[in-house]
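Visitor: Sharing query-v3.tsv below, TSV, C-alpha atoms:
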```
chain	number	residue	atom	x	y	z
A	1	MET	CA	50.47	-26.48	-39.06
A	2	SER	CA	53.16	-26.03	-36.47
A	3	GLU	CA	56.68	-26.55	-37.65
A	4	GLN	CA	57.31	-29.52	-35.43
A	5	GLY	CA	60.45	-31.56	-35.29
A	6	GLY	CA	62.86	-31.74	-32.40
A	7	SER	CA	64.14	-28.65	-30.66
A	8	GLY	CA	63.39	-26.14	-33.40
A	9	PRO	CA	61.73	-22.76	-33.00
A	10	ALA	CA	58.25	-24.33	-32.94
A	11	GLU	CA	59.09	-26.21	-29.75
A	12	GLY	CA	60.38	-23.06	-28.08
A	13	LEU	CA	57.32	-21.12	-29.19
A	14	GLU	CA	54.97	-23.79	-27.91
A	15	ARG	CA	56.74	-23.72	-24.56
A	16	VAL	CA	56.20	-19.94	-24.38
A	17	LEU	CA	52.53	-20.37	-25.32
A	18	GLU	CA	52.05	-23.09	-22.71
A	19	ASP	CA	53.75	-20.89	-20.08
A	20	LEU	CA	51.39	-18.11	-21.09
A	21	ARG	CA	48.39	-20.38	-20.65
A	22	SER	CA	49.64	-21.52	-17.26
A	23	LEU	CA	50.12	-17.91	-16.20
A	24	SER	CA	46.76	-16.74	-17.54
A	25	GLY	CA	44.30	-19.47	-16.81
A	26	GLU	CA	41.68	-17.62	-18.84
A	27	ILE	CA	43.47	-18.16	-22.16
A	28	ASP	CA	41.84	-20.96	-24.17
A	29	ALA	CA	44.47	-21.18	-26.89
A	30	GLY	CA	47.58	-19.34	-28.02
A	31	PHE	CA	48.97	-18.97	-31.52
A	32	VAL	CA	52.10	-17.59	-33.19
A	33	LEU	CA	51.88	-16.55	-36.83
A	34	SER	CA	54.71	-15.78	-39.20
A	35	GLU	CA	54.89	-12.58	-41.25
A	36	ASP	CA	53.35	-14.41	-44.23
A	37	GLY	CA	50.47	-15.79	-42.14
A	38	ARG	CA	51.69	-19.34	-41.48
A	39	MET	CA	51.00	-20.95	-38.11
A	40	LEU	CA	54.41	-21.26	-36.43
A	41	ALA	CA	53.05	-22.65	-33.16
A	42	SER	CA	49.75	-23.27	-31.47
A	43	THR	CA	48.45	-24.75	-28.23
A	44	TRP	CA	45.26	-25.80	-30.00
A	45	LYS	CA	45.80	-29.41	-31.03
A	46	ALA	CA	42.25	-30.61	-31.56
A	47	GLY	CA	42.00	-29.83	-35.26
A	48	SER	CA	43.50	-31.28	-38.41
A	49	GLU	CA	46.23	-29.59	-40.43
A	50	ILE	CA	43.54	-27.98	-42.58
A	51	ASP	CA	41.78	-26.62	-39.46
A	52	GLN	CA	45.09	-25.13	-38.30
A	53	GLU	CA	45.64	-23.51	-41.69
A	54	ARG	CA	42.11	-22.14	-41.64
A	55	LEU	CA	42.66	-20.68	-38.18
A	56	ALA	CA	45.98	-19.19	-39.29
A	57	ALA	CA	44.27	-17.56	-42.28
A	58	MET	CA	41.52	-16.05	-40.09
A	59	LEU	CA	43.95	-14.76	-37.45
A	60	SER	CA	46.11	-13.36	-40.21
A	61	ALA	CA	43.04	-11.61	-41.65
A	62	LEU	CA	42.41	-9.98	-38.24
A	63	SER	CA	46.01	-8.80	-38.19
A	64	VAL	CA	45.63	-7.32	-41.69
A	65	LEU	CA	42.37	-5.61	-40.70
A	66	ALA	CA	44.12	-4.02	-37.70
A	67	GLU	CA	46.93	-2.80	-40.00
A	68	ASN	CA	44.32	-1.34	-42.36
A	69	THR	CA	42.74	0.50	-39.42
A	70	ALA	CA	46.16	1.91	-38.50
A	71	ARG	CA	46.75	3.01	-42.11
A	72	ARG	CA	43.32	4.62	-42.34
A	73	SER	CA	43.95	6.51	-39.09
A	74	GLY	CA	47.47	7.51	-40.14
A	75	LYS	CA	48.95	5.79	-37.07
A	76	GLY	CA	51.80	3.73	-38.50
A	77	HIS	CA	51.34	0.14	-37.31
A	78	ALA	CA	48.67	-1.57	-35.22
A	79	SER	CA	50.38	-2.94	-32.12
A	80	GLN	CA	47.39	-4.94	-30.85
A	81	ALA	CA	43.72	-5.63	-31.45
A	82	ARG	CA	41.10	-6.73	-28.94
A	83	VAL	CA	37.93	-8.16	-30.44
A	84	GLN	CA	35.03	-9.10	-28.18
A	85	THR	CA	32.13	-11.19	-29.45
A	86	GLU	CA	29.29	-13.03	-27.72
A	87	GLU	CA	31.44	-16.18	-27.76
A	88	GLY	CA	34.52	-14.59	-26.23
A	89	TYR	CA	37.66	-12.64	-27.03
A	90	VAL	CA	40.28	-12.82	-29.75
A	91	LEU	CA	43.42	-10.87	-28.92
A	92	VAL	CA	46.16	-10.21	-31.46
A	93	THR	CA	49.49	-8.49	-30.84
A	94	ARG	CA	51.88	-7.63	-33.63
A	95	LEU	CA	55.43	-8.98	-33.53
A	96	VAL	CA	58.45	-7.02	-34.67
A	97	GLY	CA	58.95	-8.09	-38.28
A	98	GLY	CA	55.25	-8.50	-38.99
A	99	GLY	CA	54.15	-11.80	-37.43
A	100	ALA	CA	51.55	-12.02	-34.70
A	101	LEU	CA	50.98	-13.52	-31.26
A	102	ALA	CA	47.29	-14.26	-30.73
A	103	ALA	CA	45.08	-15.78	-28.05
A	104	THR	CA	41.44	-16.72	-27.58
A	105	ALA	CA	39.50	-16.51	-24.32
A	106	GLY	CA	35.98	-16.89	-23.00
A	107	PRO	CA	33.44	-14.08	-22.67
A	108	ASP	CA	34.15	-13.60	-18.95
A	109	ALA	CA	37.91	-13.24	-19.36
A	110	ARG	CA	39.69	-10.12	-18.15
A	111	ALA	CA	40.89	-8.96	-21.56
A	112	GLY	CA	43.10	-6.15	-20.25
A	113	LEU	CA	45.02	-8.56	-18.05
A	114	LEU	CA	45.38	-11.05	-20.91
A	115	LEU	CA	46.75	-8.36	-23.22
A	116	TYR	CA	49.25	-7.42	-20.52
A	117	ASP	CA	50.39	-11.07	-20.32
A	118	LEU	CA	50.55	-11.29	-24.13
A	119	ARG	CA	52.71	-8.18	-24.30
A	120	ASN	CA	55.04	-9.67	-21.68
A	121	ALA	CA	55.36	-12.92	-23.66
A	122	ARG	CA	55.87	-11.08	-26.95
A	123	ALA	CA	59.58	-10.31	-26.40
A	124	GLU	CA	60.39	-13.99	-25.87
A	125	VAL	CA	58.35	-14.98	-28.92
A	126	GLU	CA	60.14	-12.34	-31.03
A	127	ARG	CA	63.50	-13.62	-29.81
A	128	ILE	CA	62.70	-17.22	-30.78
A	129	VAL	CA	61.21	-16.24	-34.16
A	130	GLY	CA	64.25	-14.03	-34.82
A	131	GLU	CA	66.68	-16.83	-33.96
A	132	GLY	CA	64.70	-19.25	-36.14
A	133	SER	CA	64.84	-16.97	-39.15
A	134	GLN	CA	68.65	-16.61	-38.79
A	135	ARG	CA	69.21	-20.37	-38.95
B	1	MET	CA	-19.56	3.94	-31.16
B	2	ARG	CA	-18.64	0.33	-30.50
B	3	LYS	CA	-17.15	0.05	-33.98
B	4	LEU	CA	-15.04	3.17	-33.39
B	5	LEU	CA	-13.75	1.81	-30.07
B	6	LYS	CA	-12.84	-1.47	-31.75
B	7	ARG	CA	-10.91	0.37	-34.45
B	8	LEU	CA	-9.12	2.51	-31.84
B	9	PHE	CA	-8.18	-0.61	-29.91
B	10	LEU	CA	-6.76	-2.29	-33.02
B	11	LEU	CA	-4.84	0.85	-33.93
B	12	GLY	CA	-3.37	1.04	-30.44
B	13	ALA	CA	-2.40	-2.63	-30.50
B	14	ALA	CA	-0.68	-2.22	-33.88
B	15	ALA	CA	1.22	0.87	-32.69
B	16	GLY	CA	2.27	-0.97	-29.52
B	17	ALA	CA	3.52	-3.95	-31.51
B	18	ILE	CA	5.55	-1.71	-33.83
B	19	LEU	CA	7.06	0.14	-30.86
B	20	ALA	CA	7.96	-3.12	-29.10
B	21	LEU	CA	9.57	-4.49	-32.27
B	22	ARG	CA	11.57	-1.30	-32.76
B	23	ASN	CA	12.82	-1.40	-29.17
B	24	TYR	CA	13.77	-5.05	-29.47
B	25	LEU	CA	15.69	-4.56	-32.72
B	26	GLY	CA	17.35	-1.40	-31.44
B	27	ARG	CA	18.45	-3.13	-28.26
B	28	SER	CA	19.97	-6.15	-30.02
B	29	GLU	CA	21.80	-3.79	-32.39
B	30	ALA	CA	23.31	-1.51	-29.76
B	31	THR	CA	23.85	-3.43	-26.53
B	32	GLY	CA	25.49	-6.68	-27.68
B	33	PRO	CA	28.89	-7.46	-26.20
B	34	GLU	CA	30.70	-6.93	-29.51
B	35	SER	CA	33.50	-4.41	-29.36
B	36	VAL	CA	36.71	-3.80	-31.25
B	37	GLN	CA	39.67	-1.90	-29.89
B	38	VAL	CA	42.85	-1.37	-31.90
B	39	SER	CA	46.03	0.05	-30.35
B	40	PHE	CA	48.75	1.64	-32.43
B	41	SER	CA	52.52	1.90	-32.35
B	42	ASP	CA	52.29	5.55	-31.18
B	43	GLY	CA	50.53	4.36	-28.00
B	44	SER	CA	47.06	5.58	-28.94
B	45	THR	CA	43.96	3.37	-29.04
B	46	GLU	CA	40.84	3.51	-31.20
B	47	THR	CA	37.52	1.87	-30.38
B	48	LEU	CA	35.63	1.19	-33.59
B	49	PRO	CA	31.95	2.16	-33.65
B	50	LYS	CA	29.89	-0.96	-32.94
B	51	THR	CA	27.70	-0.65	-35.99
B	52	SER	CA	30.47	0.19	-38.46
B	53	ALA	CA	31.24	-2.17	-41.32
B	54	GLU	CA	34.87	-2.23	-40.16
B	55	ALA	CA	33.91	-3.44	-36.68
B	56	ARG	CA	31.59	-6.04	-38.17
B	57	GLU	CA	34.46	-7.44	-40.24
B	58	PHE	CA	36.53	-7.87	-37.07
B	59	THR	CA	33.75	-9.46	-35.04
B	60	ASP	CA	32.64	-11.78	-37.88
B	61	ILE	CA	36.16	-13.17	-38.28
B	62	ALA	CA	36.70	-13.36	-34.51
B	63	SER	CA	33.45	-15.34	-34.11
B	64	LYS	CA	34.68	-17.79	-36.73
B	65	VAL	CA	38.06	-18.08	-34.98
B	66	LEU	CA	36.35	-18.84	-31.67
B	67	GLU	CA	34.01	-21.33	-33.31
B	68	ALA	CA	36.83	-23.05	-35.20
B	69	SER	CA	38.97	-23.31	-32.07
B	70	GLY	CA	36.17	-25.04	-30.22
B	71	ARG	CA	34.50	-22.33	-28.14
```
Translate the structure of the given file into structure tokens.
Guide:
Amino acid sequence: MSEQGGSGPAEGLERVLEDLRSLSGEIDAGFVLSEDGRMLASTWKAGSEIDQERLAAMLSALSVLAENTARRSGKGHASQARVQTEEGYVLVTRLVGGGALAATAGPDARAGLLLYDLRNARAEVERIVGEGSQR
Amino acid sequence: MRKLLKRLFLLGAAAGAILALRNYLGRSEATGPESVQVSFSDGSTETLPKTSAEAREFTDIASKVLEASGR
């Protein structure tokens, strides 16, 4: 679940995610995961805490799979993964320090454009996560 | 003669059905929208083969993510 509570990092991260959604109308939901796979922030509020944890675990698994692909290919780290299914897209970008910024979108979304917007938002997310971890 | 024609017709129908089934299965296997692209820190990108077990792992989890988040 998001680490709610006043003006902490979660609030800043949710603001970035909401800005991202406003900018890219095709994004259904945005998520920020910590290095250890916890959900730090999410724009998806429909589910219970357990649903959020389940989503965090699945997004974290995608991030790990991408890292495994990088290791297998001898390419260092995976910087991003774009997964297209019949239901839509799941996009995951790696944060400095090992967390992830992820988004979901519908099947007709322009995935390249969304990844560009995710990469642009990543620096701000990294800054907020970095500040949060120094507190 | 009539019996032979009947047998030939049945054989042709069976062969046609098998061919149609093969085409249908082949099409659903190869032309679905599933795709997985991973980019790396060195700037390169790899597209995983659609039918690979690795790609399936990605798309299975992604489908569950999309389902869980309400799509």
Visitor: May I ask which of the residues B:Glu34, B:Asp60, B:Glu46, B:Glu67 is the closest one to Ala78 in chain A, counting only C-alpha atoms?
Guide: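 Of B:Glu34, B:Asp60, B:Glu46, B:Glu67, the one nearest Ala78 in chain A, counting only C-alpha atoms, is B:Glu46.
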Visitor: From the list A:Arg110, A:Leu115, A:Gln80, A:Ala103, which residue is nearest chain B when using only C-alpha atoms?
Guide: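 The answer is A:Gln80, which sits nearest to chain B.
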Visitor: Kindly provide, as a PyMOL selection string, the residues of chain B having any atom no farther than 12 Å from an atom of chain A, counting only C-alpha atoms.
Guide: chain B and resi 28+31-48+50+53-71
Visitor: Can you work out the spacing between CA of Leu40 in chain A and CA of Ala111 in chain A in Å, to one decimal?
Guide: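 Distance reported for this atom pair: 23.6 Å.
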Visitor: When you draw a straight line from CA of Ile27 in chain A to CA of Asp117 in chain A, how long is it in Å?
Guide: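 Atom-to-atom, CA of Ile27 in chain A to CA of Asp117 in chain A, that is 10.1 Å.
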Visitor: Listed atoms of range 115-132 of chain A, axis-aligned box, 8 Å per side: centre and edge lengths to one decimal in Å, as lines of an AutoDock Vina configuration file?
Guide:
```
center_x = 56.7
center_y = -13.3
center_z = -28.2
size_x = 35.9
size_y = 27.8
size_z = 31.8
```
Visitor: Find the distance between CA of Leu17 in chain A and CA of Ala123 in chain A and write it in Å to one decimal.
Guide: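 Atom-to-atom, CA of Leu17 in chain A to CA of Ala123 in chain A, that is 12.3 Å.
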Visitor: Quick one: residues within 10 Å of Leu113 in chain A, all atoms listed in the file, excluding same-chain residues fewer than 6 positions away - as JSON, numbers by chain?
Guide: {"A": [24, 26, 119]}
Visitor: May I ask you to restore N, CA, C and O atoms in range 117-129 of chain A and write the result as a PDB file, keeping the file's coordinate frame?
Guide:
```
ATOM      1  N   ASP A 117      49.597  -9.831 -20.298  1.00  0.00           N
ATOM      2  CA  ASP A 117      50.390 -11.070 -20.320  1.00  0.00           C
ATOM      3  C   ASP A 117      50.924 -11.358 -21.720  1.00  0.00           C
ATOM      4  O   ASP A 117      52.048 -11.830 -21.894  1.00  0.00           O
ATOM      5  N   LEU A 118      50.100 -11.078 -22.740  1.00  0.00           N
ATOM      6  CA  LEU A 118      50.550 -11.290 -24.130  1.00  0.00           C
ATOM      7  C   LEU A 118      51.733 -10.390 -24.454  1.00  0.00           C
ATOM      8  O   LEU A 118      52.702 -10.833 -25.075  1.00  0.00           O
ATOM      9  N   ARG A 119      51.615  -9.127 -24.027  1.00  0.00           N
ATOM     10  CA  ARG A 119      52.710  -8.180 -24.300  1.00  0.00           C
ATOM     11  C   ARG A 119      53.995  -8.626 -23.601  1.00  0.00           C
ATOM     12  O   ARG A 119      55.087  -8.490 -24.141  1.00  0.00           O
ATOM     13  N   ASN A 120      53.855  -9.190 -22.408  1.00  0.00           N
ATOM     14  CA  ASN A 120      55.040  -9.670 -21.680  1.00  0.00           C
ATOM     15  C   ASN A 120      55.669 -10.869 -22.386  1.00  0.00           C
ATOM     16  O   ASN A 120      56.882 -11.024 -22.376  1.00  0.00           O
ATOM     17  N   ALA A 121      54.832 -11.721 -22.981  1.00  0.00           N
ATOM     18  CA  ALA A 121      55.360 -12.920 -23.660  1.00  0.00           C
ATOM     19  C   ALA A 121      55.914 -12.572 -25.040  1.00  0.00           C
ATOM     20  O   ALA A 121      56.691 -13.346 -25.618  1.00  0.00           O
ATOM     21  N   ARG A 122      55.523 -11.435 -25.567  1.00  0.00           N
ATOM     22  CA  ARG A 122      55.870 -11.080 -26.950  1.00  0.00           C
ATOM     23  C   ARG A 122      57.387 -11.019 -27.186  1.00  0.00           C
ATOM     24  O   ARG A 122      57.880 -11.508 -28.204  1.00  0.00           O
ATOM     25  N   ALA A 123      58.129 -10.458 -26.224  1.00  0.00           N
ATOM     26  CA  ALA A 123      59.580 -10.310 -26.400  1.00  0.00           C
ATOM     27  C   ALA A 123      60.240 -11.675 -26.582  1.00  0.00           C
ATOM     28  O   ALA A 123      61.105 -11.851 -27.448  1.00  0.00           O
ATOM     29  N   GLU A 124      59.816 -12.642 -25.778  1.00  0.00           N
ATOM     30  CA  GLU A 124      60.390 -13.990 -25.870  1.00  0.00           C
ATOM     31  C   GLU A 124      60.020 -14.636 -27.210  1.00  0.00           C
ATOM     32  O   GLU A 124      60.845 -15.294 -27.837  1.00  0.00           O
ATOM     33  N   VAL A 125      58.789 -14.431 -27.632  1.00  0.00           N
ATOM     34  CA  VAL A 125      58.350 -14.980 -28.920  1.00  0.00           C
ATOM     35  C   VAL A 125      59.167 -14.346 -30.055  1.00  0.00           C
ATOM     36  O   VAL A 125      59.647 -15.042 -30.957  1.00  0.00           O
ATOM     37  N   GLU A 126      59.364 -13.042 -29.991  1.00  0.00           N
ATOM     38  CA  GLU A 126      60.140 -12.340 -31.030  1.00  0.00           C
ATOM     39  C   GLU A 126      61.576 -12.856 -31.072  1.00  0.00           C
ATOM     40  O   GLU A 126      62.154 -13.015 -32.140  1.00  0.00           O
ATOM     41  N   ARG A 127      62.120 -13.121 -29.872  1.00  0.00           N
ATOM     42  CA  ARG A 127      63.500 -13.620 -29.810  1.00  0.00           C
ATOM     43  C   ARG A 127      63.605 -14.979 -30.498  1.00  0.00           C
ATOM     44  O   ARG A 127      64.492 -15.212 -31.319  1.00  0.00           O
ATOM     45  N   ILE A 128      62.653 -15.866 -30.201  1.00  0.00           N
ATOM     46  CA  ILE A 128      62.700 -17.220 -30.780  1.00  0.00           C
ATOM     47  C   ILE A 128      62.453 -17.169 -32.289  1.00  0.00           C
ATOM     48  O   ILE A 128      63.142 -17.828 -33.064  1.00  0.00           O
ATOM     49  N   VAL A 129      61.494 -16.359 -32.711  1.00  0.00           N
ATOM     50  CA  VAL A 129      61.210 -16.240 -34.160  1.00  0.00           C
ATOM     51  C   VAL A 129      62.426 -15.657 -34.872  1.00  0.00           C
ATOM     52  O   VAL A 129      62.813 -16.128 -35.942  1.00  0.00           O
TER      53      VAL A 129
END
```
